[in-house]
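Asker: See work21.cif below, with mmCIF, C-alpha atoms and all ligand atoms.
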data_input
#
loop_
_atom_site.group_PDB
_atom_site.id
_atom_site.type_symbol
_atom_site.label_atom_id
_atom_site.label_comp_id
_atom_site.auth_asym_id
_atom_site.auth_seq_id
_atom_site.Cartn_x
_atom_site.Cartn_y
_atom_site.Cartn_z
ATOM 1 C CA MET Z 1 0.000 0.000 0.000
ATOM 2 C CA ALA Z 2 1.371 3.410 -0.887
ATOM 3 C CA PRO Z 3 2.087 5.445 2.241
ATOM 4 C CA HIS Z 4 -0.537 8.036 1.392
ATOM 5 C CA SER Z 5 -3.358 5.501 0.978
ATOM 6 C CA SER Z 6 -3.267 4.486 4.664
ATOM 7 C CA LEU Z 7 -3.432 8.181 5.512
ATOM 8 C CA LEU Z 8 -6.478 8.455 3.244
ATOM 9 C CA LEU Z 9 -8.050 5.450 4.980
ATOM 10 C CA SER Z 10 -7.568 6.980 8.428
ATOM 11 C CA LEU Z 11 -8.990 10.277 7.230
ATOM 12 C CA LEU Z 12 -11.980 8.406 5.828
ATOM 13 C CA PHE Z 13 -12.448 6.552 9.109
ATOM 14 C CA LEU Z 14 -12.151 9.762 11.136
ATOM 15 C CA SER Z 15 -14.733 11.485 8.982
ATOM 16 C CA LEU Z 16 -17.170 8.541 9.235
ATOM 17 C CA SER Z 17 -16.703 7.764 12.915
ATOM 18 C CA PRO Z 18 -19.183 10.359 14.241
ATOM 19 C CA ILE Z 19 -21.886 8.866 11.990
ATOM 20 C CA LEU Z 20 -21.024 5.338 13.109
ATOM 21 C CA THR Z 21 -21.182 6.161 16.812
ATOM 22 C CA TYR Z 22 -24.403 8.217 16.943
ATOM 23 C CA GLY Z 23 -27.575 6.605 18.138
ATOM 24 C CA TYR Z 24 -30.899 8.348 18.180
ATOM 25 C CA ASN Z 25 -33.215 9.004 21.076
ATOM 26 C CA ASP Z 26 -36.936 8.341 20.663
ATOM 27 C CA LEU Z 27 -38.818 10.574 18.268
ATOM 28 C CA VAL Z 28 -40.255 13.626 20.034
ATOM 29 C CA HIS Z 29 -43.669 14.811 18.882
ATOM 30 C CA GLN Z 30 -44.942 18.186 20.059
ATOM 31 C CA HIS Z 31 -48.229 19.779 19.057
ATOM 32 C CA PHE Z 32 -49.097 23.438 19.704
ATOM 33 C CA TYR Z 33 -50.476 26.616 18.161
ATOM 34 C CA MET Z 34 -48.544 29.677 17.001
ATOM 35 C CA HIS Z 35 -50.161 33.107 17.205
ATOM 36 C CA LEU Z 36 -49.210 35.696 14.593
ATOM 37 C CA LEU Z 37 -50.426 39.090 15.728
ATOM 38 C CA ALA Z 38 -49.606 41.664 13.022
ATOM 39 C CA GLY Z 39 -47.906 44.747 14.470
ATOM 40 C CA LYS Z 40 -47.662 43.183 17.948
ATOM 41 C CA ASN Z 41 -45.425 40.112 17.875
ATOM 42 C CA GLU Z 42 -44.746 40.389 14.148
ATOM 43 C CA VAL Z 43 -42.984 43.454 12.681
ATOM 44 C CA LEU Z 44 -42.156 44.395 9.084
ATOM 45 C CA VAL Z 45 -38.482 45.493 9.048
ATOM 46 C CA ALA Z 46 -37.770 45.638 5.272
ATOM 47 C CA LYS Z 47 -40.152 46.095 2.373
ATOM 48 C CA SER Z 48 -40.294 46.686 -1.381
ATOM 49 C CA ASP Z 49 -42.883 48.133 -3.730
ATOM 50 C CA ILE Z 50 -43.644 44.883 -5.578
ATOM 51 C CA PRO Z 51 -47.058 43.695 -4.437
ATOM 52 C CA VAL Z 52 -47.916 40.004 -4.291
ATOM 53 C CA PRO Z 53 -51.562 39.424 -5.299
ATOM 54 C CA GLY Z 54 -53.525 38.206 -2.290
ATOM 55 C CA SER Z 55 -50.688 38.834 0.171
ATOM 56 C CA PHE Z 56 -50.598 41.134 3.151
ATOM 57 C CA TYR Z 57 -46.871 41.830 2.427
ATOM 58 C CA ASN Z 58 -44.907 42.805 -0.721
ATOM 59 C CA PHE Z 59 -42.285 40.586 -2.379
ATOM 60 C CA GLY Z 60 -38.988 40.825 -0.497
ATOM 61 C CA SER Z 61 -40.505 41.903 2.796
ATOM 62 C CA VAL Z 62 -38.668 40.693 5.859
ATOM 63 C CA VAL Z 63 -40.793 40.215 8.956
ATOM 64 C CA VAL Z 64 -39.349 39.622 12.415
ATOM 65 C CA VAL Z 65 -41.498 37.405 14.606
ATOM 66 C CA ASP Z 66 -41.616 36.764 18.335
ATOM 67 C CA ASN Z 67 -44.772 34.665 18.258
ATOM 68 C CA LEU Z 68 -46.441 33.172 21.288
ATOM 69 C CA LEU Z 69 -46.901 29.384 21.215
ATOM 70 C CA THR Z 70 -49.715 27.855 23.254
ATOM 71 C CA GLN Z 71 -51.010 24.342 23.910
ATOM 72 C CA GLY Z 72 -54.480 25.023 22.536
ATOM 73 C CA PRO Z 73 -55.743 27.285 19.734
ATOM 74 C CA ASN Z 74 -56.912 29.985 22.152
ATOM 75 C CA ILE Z 75 -54.292 32.626 22.967
ATOM 76 C CA THR Z 76 -55.158 32.342 26.665
ATOM 77 C CA SER Z 77 -54.364 28.608 26.668
ATOM 78 C CA ASN Z 78 -51.170 27.402 28.470
ATOM 79 C CA PRO Z 79 -47.983 28.941 27.004
ATOM 80 C CA VAL Z 80 -45.468 26.509 25.484
ATOM 81 C CA GLY Z 81 -42.836 28.961 24.212
ATOM 82 C CA LYS Z 82 -42.055 31.409 21.435
ATOM 83 C CA ALA Z 83 -41.271 31.205 17.726
ATOM 84 C CA GLN Z 84 -38.400 33.676 17.331
ATOM 85 C CA GLY Z 85 -36.729 34.718 14.085
ATOM 86 C CA LEU Z 86 -37.920 35.920 10.724
ATOM 87 C CA PHE Z 87 -39.691 35.107 7.510
ATOM 88 C CA THR Z 88 -39.046 36.521 4.037
ATOM 89 C CA VAL Z 89 -41.875 37.007 1.543
ATOM 90 C CA MET Z 90 -41.385 35.430 -1.909
ATOM 91 C CA ASN Z 91 -42.945 36.590 -5.189
ATOM 92 C CA SER Z 92 -45.948 34.307 -4.518
ATOM 93 C CA LEU Z 93 -47.975 33.268 -1.493
ATOM 94 C CA THR Z 94 -44.880 31.653 -0.015
ATOM 95 C CA VAL Z 95 -42.818 32.807 2.932
ATOM 96 C CA VAL Z 96 -39.396 31.396 3.797
ATOM 97 C CA TRP Z 97 -38.824 30.793 7.506
ATOM 98 C CA ASN Z 98 -35.539 31.267 9.350
ATOM 99 C CA ALA Z 99 -36.556 30.876 12.971
ATOM 100 C CA ASN Z 100 -36.482 28.942 16.231
ATOM 101 C CA ILE Z 101 -38.961 27.270 18.544
ATOM 102 C CA VAL Z 102 -37.884 28.315 22.048
ATOM 103 C CA PHE Z 103 -39.595 26.308 24.791
ATOM 104 C CA THR Z 104 -40.416 28.303 27.944
ATOM 105 C CA ALA Z 105 -42.526 25.711 29.786
ATOM 106 C CA GLY Z 106 -42.956 21.983 30.254
ATOM 107 C CA GLU Z 107 -40.503 19.147 29.809
ATOM 108 C CA TYR Z 108 -38.382 21.019 27.224
ATOM 109 C CA ASN Z 109 -38.308 24.420 28.965
ATOM 110 C CA GLY Z 110 -35.012 26.145 28.076
ATOM 111 C CA SER Z 111 -34.364 24.050 24.943
ATOM 112 C CA SER Z 112 -34.817 25.236 21.365
ATOM 113 C CA LEU Z 113 -35.192 23.924 17.806
ATOM 114 C CA ALA Z 114 -34.066 25.758 14.651
ATOM 115 C CA PHE Z 115 -36.333 25.539 11.616
ATOM 116 C CA LEU Z 116 -35.888 26.627 8.008
ATOM 117 C CA GLY Z 117 -37.751 26.430 4.752
ATOM 118 C CA PRO Z 118 -40.431 27.605 2.377
ATOM 119 C CA ASP Z 119 -44.061 27.728 3.525
ATOM 120 C CA ASP Z 120 -46.581 27.932 0.657
ATOM 121 C CA ILE Z 121 -49.578 29.263 2.554
ATOM 122 C CA THR Z 122 -52.022 28.185 -0.193
ATOM 123 C CA GLN Z 123 -51.379 24.549 0.811
ATOM 124 C CA PRO Z 124 -53.433 23.019 3.642
ATOM 125 C CA ILE Z 125 -50.375 21.341 5.212
ATOM 126 C CA ARG Z 126 -46.841 22.642 4.765
ATOM 127 C CA GLU Z 127 -43.552 21.207 5.934
ATOM 128 C CA VAL Z 128 -40.280 22.855 6.924
ATOM 129 C CA SER Z 129 -37.008 21.310 8.097
ATOM 130 C CA ILE Z 130 -35.790 21.142 11.664
ATOM 131 C CA VAL Z 131 -32.070 21.614 11.273
ATOM 132 C CA GLY Z 132 -30.742 21.595 14.817
ATOM 133 C CA GLY Z 133 -31.401 22.480 18.400
ATOM 134 C CA THR Z 134 -30.069 23.272 21.845
ATOM 135 C CA GLY Z 135 -30.451 21.758 25.313
ATOM 136 C CA TYR Z 136 -32.521 18.578 25.111
ATOM 137 C CA PHE Z 137 -32.581 19.038 21.315
ATOM 138 C CA ARG Z 138 -28.811 19.174 20.708
ATOM 139 C CA MET Z 139 -28.080 17.853 17.202
ATOM 140 C CA ALA Z 140 -31.787 17.482 16.461
ATOM 141 C CA GLN Z 141 -33.049 16.540 13.032
ATOM 142 C CA GLY Z 142 -36.632 16.453 11.952
ATOM 143 C CA TYR Z 143 -39.505 18.245 10.356
ATOM 144 C CA MET Z 144 -42.324 20.528 11.331
ATOM 145 C CA THR Z 145 -45.791 20.609 9.765
ATOM 146 C CA ILE Z 146 -47.722 23.877 9.629
ATOM 147 C CA LYS Z 147 -51.496 24.249 9.116
ATOM 148 C CA THR Z 148 -53.442 27.484 9.073
ATOM 149 C CA TYR Z 149 -56.064 27.181 11.816
ATOM 150 C CA SER Z 150 -57.694 30.606 11.511
ATOM 151 C CA VAL Z 151 -57.000 33.939 9.811
ATOM 152 C CA ASN Z 152 -58.428 37.389 10.438
ATOM 153 C CA LEU Z 153 -58.677 38.823 6.899
ATOM 154 C CA ILE Z 154 -59.050 42.374 8.235
ATOM 155 C CA ASN Z 155 -55.881 42.697 10.303
ATOM 156 C CA GLY Z 156 -53.830 39.680 9.101
ATOM 157 C CA ASP Z 157 -53.697 37.966 12.517
ATOM 158 C CA ALA Z 158 -53.511 34.179 12.311
ATOM 159 C CA GLU Z 159 -53.424 31.024 14.414
ATOM 160 C CA ILE Z 160 -51.221 28.283 13.017
ATOM 161 C CA GLU Z 161 -51.317 24.633 14.116
ATOM 162 C CA VAL Z 162 -47.799 23.201 14.439
ATOM 163 C CA ASP Z 163 -46.585 19.612 14.816
ATOM 164 C CA ILE Z 164 -42.926 18.889 15.431
ATOM 165 C CA TYR Z 165 -41.272 15.507 14.873
ATOM 166 C CA ALA Z 166 -37.610 15.457 15.882
ATOM 167 C CA TYR Z 167 -34.897 12.984 16.691
ATOM 168 C CA THR Z 168 -31.951 13.949 18.867
ATOM 169 C CA ALA Z 169 -28.572 12.222 18.915
ATOM 170 C CA LYS Z 170 -27.604 10.050 21.901
ATOM 171 C CA LEU Z 171 -24.445 11.833 23.021
HETATM 172 C C1 LIG D 201 -38.740 27.661 32.674
HETATM 173 O O1 LIG D 201 -37.389 27.735 33.049
HETATM 174 C C2 LIG D 201 -37.020 28.998 33.600
HETATM 175 C C3 LIG D 201 -35.510 28.999 33.786
HETATM 176 O O2 LIG D 201 -35.095 27.860 34.491
HETATM 177 C C4 LIG D 201 -37.791 29.209 34.894
HETATM 178 O O3 LIG D 201 -37.468 30.470 35.445
HETATM 179 C C5 LIG D 201 -39.288 29.179 34.584
HETATM 180 O O4 LIG D 201 -40.034 29.269 35.776
HETATM 181 C C6 LIG D 201 -39.637 27.886 33.866
HETATM 182 N N1 LIG D 201 -41.041 27.997 33.415
HETATM 183 C C7 LIG D 201 -41.961 27.077 33.662
HETATM 184 C C8 LIG D 201 -43.342 27.413 33.192
HETATM 185 O O5 LIG D 201 -41.701 26.028 34.197
#
I need this file expressed as structure tokens, please.
Ligand SMILES: *[C@@H]1O[C@H](CO)[C@@H](O)[C@H](O)[C@H]1NC(C)=O

Answerer:
Amino acid sequence: MAPHSSLLLSLLFLSLSPILTYGYNDLVHQHFYMHLLAGKNEVLVAKSDIPVPGSFYNFGSVVVVDNLLTQGPNITSNPVGKAQGLFTVMNSLTVVWNANIVFTAGEYNGSSLAFLGPDDITQPIREVSIVGGTGYFRMAQGYMTIKTYSVNLINGDAEIEVDIYAYTAKL
């Protein structure tokens, strides 16, 4: 064997070893509701003059959210946490999320999950990726489904039903 091929083999082994040693904890499923209250916990920070037919926001708008999450659909139901981050409005009825679920109560209080992806709000059920997490959710992988539960067409407020399915690595 040429001297450099054993070096290549060890490099290959080193790069694979984290994959080989990870196990996964049981799948976590969480179900809750997200409250989008326009102008209260949702603020437009960048906008353009290109309207999107049927949308509350123009193409290219960036909206920062600090949305309350509750167990039930009613805003007075038990708090679960916050959805913190932003969404960007595409040139269609799609927003792209860049945000985090931050738990402030219950078993996962203090832990968070990062989520990313396009959300075509014309679809009854949408899916975005869970790309990581902190605390209990370190090295999480999974997906999150999003369903519009109710919308106030006058002020743009909405309740969104969220289901999270995530695996975490056994460290
Ligand atoms: C969540 O954790 C924080 C920090 O430890 C604590 O102050 C708070 O009371 C907890 N909230 C609930 C609802 O358990």

Asker: Centre and edge lengths of an axis-aligned box around all listed atoms of region 62-66 of chain Z, with 3 Å added on each side, are to be given in Å to one decimal, as JSON.

Answerer:
{"center_x": -40.1, "center_y": 38.7, "center_z": 12.1, "size_x": 8.9, "size_y": 9.9, "size_z": 18.5}

Asker: List, as a ChimeraX atom specification, every residue that the PyMOL selection byres (((chain Z and resi 106) around 12) and not hetatm) selects in the file provided.

Answerer: /Z:30,70-71,78-81,102-105,107-111

Asker: In Å, how far is it from CA of Asn58 (chain Z) to CA of Ser129 (chain Z)?

Answerer: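 One can read the CA of Asn58 (chain Z) to CA of Ser129 (chain Z) distance as 24.5 Å.
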
Asker: Nearest residue to ligand LIG 201 (chain D) out of Z:Gly135, Z:Ile164, Z:Asp49, Z:Phe59, using all atoms listed in the file?

Answerer: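 Between Z:Gly135, Z:Ile164, Z:Asp49, Z:Phe59, the residue approaching ligand LIG 201 (chain D) most closely is Z:Gly135.
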
Asker: Where does the PyMOL selection byres (((chain Z and resi 149) around 7) and not hetatm) land in this file, that is, which residues does it pick, as a list of chain:residue names?

Answerer: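 Matching residues under the PyMOL selection byres (((chain Z and resi 149) around 7) and not hetatm) are Z:Lys147, Z:Thr148, Z:Ser150, Z:Glu159, Z:Ile160, Z:Glu161.
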
Asker: Determine the residue membership of the PyMOL selection byres (((chain Z and resi 144) around 6) and not hetatm) for the file above and supply it as an NGL selection string.

Answerer: :Z and (127-128 or 143 or 145 or 163-164)

Asker: Pick the closest to Val52 (chain Z) from Z:Asn100, Z:Asn25, Z:Asn91, Z:Asn67: which is it, counting all atoms listed in the file?

Answerer: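 So, comparing all the options, the nearest one is Z:Asn91.
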
Asker: Using the block above, I'd like region 123-146 of chain Z written out, keeping N, CA, C and O atoms and formatting it as a PDB file, in the first residue's frame.

Answerer:
ATOM      1  N   GLN Z 123     -51.244  25.994   0.569  1.00  0.00           N
ATOM      2  CA  GLN Z 123     -51.379  24.549   0.811  1.00  0.00           C
ATOM      3  C   GLN Z 123     -51.955  24.295   2.198  1.00  0.00           C
ATOM      4  O   GLN Z 123     -51.601  24.990   3.148  1.00  0.00           O
ATOM      5  N   PRO Z 124     -52.836  23.282   2.327  1.00  0.00           N
ATOM      6  CA  PRO Z 124     -53.433  23.019   3.642  1.00  0.00           C
ATOM      7  C   PRO Z 124     -52.404  22.583   4.688  1.00  0.00           C
ATOM      8  O   PRO Z 124     -52.495  22.972   5.847  1.00  0.00           O
ATOM      9  N   ILE Z 125     -51.419  21.780   4.276  1.00  0.00           N
ATOM     10  CA  ILE Z 125     -50.375  21.341   5.212  1.00  0.00           C
ATOM     11  C   ILE Z 125     -49.030  21.605   4.562  1.00  0.00           C
ATOM     12  O   ILE Z 125     -48.786  21.184   3.433  1.00  0.00           O
ATOM     13  N   ARG Z 126     -48.184  22.334   5.271  1.00  0.00           N
ATOM     14  CA  ARG Z 126     -46.841  22.642   4.765  1.00  0.00           C
ATOM     15  C   ARG Z 126     -45.818  21.981   5.673  1.00  0.00           C
ATOM     16  O   ARG Z 126     -46.134  21.598   6.795  1.00  0.00           O
ATOM     17  N   GLU Z 127     -44.593  21.867   5.162  1.00  0.00           N
ATOM     18  CA  GLU Z 127     -43.552  21.207   5.934  1.00  0.00           C
ATOM     19  C   GLU Z 127     -42.256  22.001   5.814  1.00  0.00           C
ATOM     20  O   GLU Z 127     -41.889  22.410   4.719  1.00  0.00           O
ATOM     21  N   VAL Z 128     -41.609  22.232   6.939  1.00  0.00           N
ATOM     22  CA  VAL Z 128     -40.280  22.855   6.924  1.00  0.00           C
ATOM     23  C   VAL Z 128     -39.317  21.952   7.684  1.00  0.00           C
ATOM     24  O   VAL Z 128     -39.739  21.059   8.427  1.00  0.00           O
ATOM     25  N   SER Z 129     -38.023  22.172   7.487  1.00  0.00           N
ATOM     26  CA  SER Z 129     -37.008  21.310   8.097  1.00  0.00           C
ATOM     27  C   SER Z 129     -36.657  21.785   9.496  1.00  0.00           C
ATOM     28  O   SER Z 129     -36.560  22.991   9.737  1.00  0.00           O
ATOM     29  N   ILE Z 130     -36.415  20.826  10.375  1.00  0.00           N
ATOM     30  CA  ILE Z 130     -35.790  21.142  11.664  1.00  0.00           C
ATOM     31  C   ILE Z 130     -34.323  20.795  11.491  1.00  0.00           C
ATOM     32  O   ILE Z 130     -33.988  19.659  11.141  1.00  0.00           O
ATOM     33  N   VAL Z 131     -33.473  21.787  11.654  1.00  0.00           N
ATOM     34  CA  VAL Z 131     -32.070  21.614  11.273  1.00  0.00           C
ATOM     35  C   VAL Z 131     -31.108  21.593  12.461  1.00  0.00           C
ATOM     36  O   VAL Z 131     -29.897  21.533  12.271  1.00  0.00           O
ATOM     37  N   GLY Z 132     -31.636  21.641  13.668  1.00  0.00           N
ATOM     38  CA  GLY Z 132     -30.742  21.595  14.817  1.00  0.00           C
ATOM     39  C   GLY Z 132     -31.485  22.025  16.059  1.00  0.00           C
ATOM     40  O   GLY Z 132     -32.693  22.295  16.010  1.00  0.00           O
ATOM     41  N   GLY Z 133     -30.752  22.070  17.165  1.00  0.00           N
ATOM     42  CA  GLY Z 133     -31.401  22.480  18.400  1.00  0.00           C
ATOM     43  C   GLY Z 133     -30.405  22.660  19.513  1.00  0.00           C
ATOM     44  O   GLY Z 133     -29.201  22.419  19.341  1.00  0.00           O
ATOM     45  N   THR Z 134     -30.916  23.083  20.661  1.00  0.00           N
ATOM     46  CA  THR Z 134     -30.069  23.272  21.845  1.00  0.00           C
ATOM     47  C   THR Z 134     -30.712  22.565  23.030  1.00  0.00           C
ATOM     48  O   THR Z 134     -31.895  22.209  22.991  1.00  0.00           O
ATOM     49  N   GLY Z 135     -29.933  22.381  24.098  1.00  0.00           N
ATOM     50  CA  GLY Z 135     -30.451  21.758  25.313  1.00  0.00           C
ATOM     51  C   GLY Z 135     -30.828  20.321  25.043  1.00  0.00           C
ATOM     52  O   GLY Z 135     -30.045  19.554  24.473  1.00  0.00           O
ATOM     53  N   TYR Z 136     -32.072  19.944  25.381  1.00  0.00           N
ATOM     54  CA  TYR Z 136     -32.521  18.578  25.111  1.00  0.00           C
ATOM     55  C   TYR Z 136     -32.376  18.246  23.625  1.00  0.00           C
ATOM     56  O   TYR Z 136     -32.123  17.099  23.251  1.00  0.00           O
ATOM     57  N   PHE Z 137     -32.538  19.256  22.771  1.00  0.00           N
ATOM     58  CA  PHE Z 137     -32.581  19.038  21.315  1.00  0.00           C
ATOM     59  C   PHE Z 137     -31.236  19.200  20.613  1.00  0.00           C
ATOM     60  O   PHE Z 137     -31.199  19.402  19.395  1.00  0.00           O
ATOM     61  N   ARG Z 138     -30.118  19.098  21.366  1.00  0.00           N
ATOM     62  CA  ARG Z 138     -28.811  19.174  20.708  1.00  0.00           C
ATOM     63  C   ARG Z 138     -28.729  18.185  19.561  1.00  0.00           C
ATOM     64  O   ARG Z 138     -29.078  17.013  19.720  1.00  0.00           O
ATOM     65  N   MET Z 139     -28.275  18.668  18.412  1.00  0.00           N
ATOM     66  CA  MET Z 139     -28.080  17.853  17.202  1.00  0.00           C
ATOM     67  C   MET Z 139     -29.390  17.268  16.689  1.00  0.00           C
ATOM     68  O   MET Z 139     -29.393  16.204  16.057  1.00  0.00           O
ATOM     69  N   ALA Z 140     -30.483  17.975  16.929  1.00  0.00           N
ATOM     70  CA  ALA Z 140     -31.787  17.482  16.461  1.00  0.00           C
ATOM     71  C   ALA Z 140     -31.881  17.495  14.942  1.00  0.00           C
ATOM     72  O   ALA Z 140     -31.235  18.306  14.273  1.00  0.00           O
ATOM     73  N   GLN Z 141     -32.686  16.575  14.446  1.00  0.00           N
ATOM     74  CA  GLN Z 141     -33.049  16.540  13.032  1.00  0.00           C
ATOM     75  C   GLN Z 141     -34.520  16.195  12.979  1.00  0.00           C
ATOM     76  O   GLN Z 141     -34.980  15.374  13.758  1.00  0.00           O
ATOM     77  N   GLY Z 142     -35.222  16.790  12.040  1.00  0.00           N
ATOM     78  CA  GLY Z 142     -36.632  16.453  11.952  1.00  0.00           C
ATOM     79  C   GLY Z 142     -37.373  17.349  11.005  1.00  0.00           C
ATOM     80  O   GLY Z 142     -36.769  17.970  10.123  1.00  0.00           O
ATOM     81  N   TYR Z 143     -38.682  17.377  11.194  1.00  0.00           N
ATOM     82  CA  TYR Z 143     -39.505  18.245  10.356  1.00  0.00           C
ATOM     83  C   TYR Z 143     -40.664  18.781  11.170  1.00  0.00           C
ATOM     84  O   TYR Z 143     -40.985  18.269  12.244  1.00  0.00           O
ATOM     85  N   MET Z 144     -41.242  19.842  10.634  1.00  0.00           N
ATOM     86  CA  MET Z 144     -42.324  20.528  11.331  1.00  0.00           C
ATOM     87  C   MET Z 144     -43.446  20.733  10.331  1.00  0.00           C
ATOM     88  O   MET Z 144     -43.187  21.191   9.216  1.00  0.00           O
ATOM     89  N   THR Z 145     -44.670  20.325  10.662  1.00  0.00           N
ATOM     90  CA  THR Z 145     -45.791  20.609   9.765  1.00  0.00           C
ATOM     91  C   THR Z 145     -46.548  21.822  10.283  1.00  0.00           C
ATOM     92  O   THR Z 145     -46.627  22.059  11.495  1.00  0.00           O
ATOM     93  N   ILE Z 146     -47.066  22.595   9.347  1.00  0.00           N
ATOM     94  CA  ILE Z 146     -47.722  23.877   9.629  1.00  0.00           C
ATOM     95  C   ILE Z 146     -49.081  23.868   8.939  1.00  0.00           C
ATOM     96  O   ILE Z 146     -49.164  23.581   7.745  1.00  0.00           O
TER      97      ILE Z 146
END
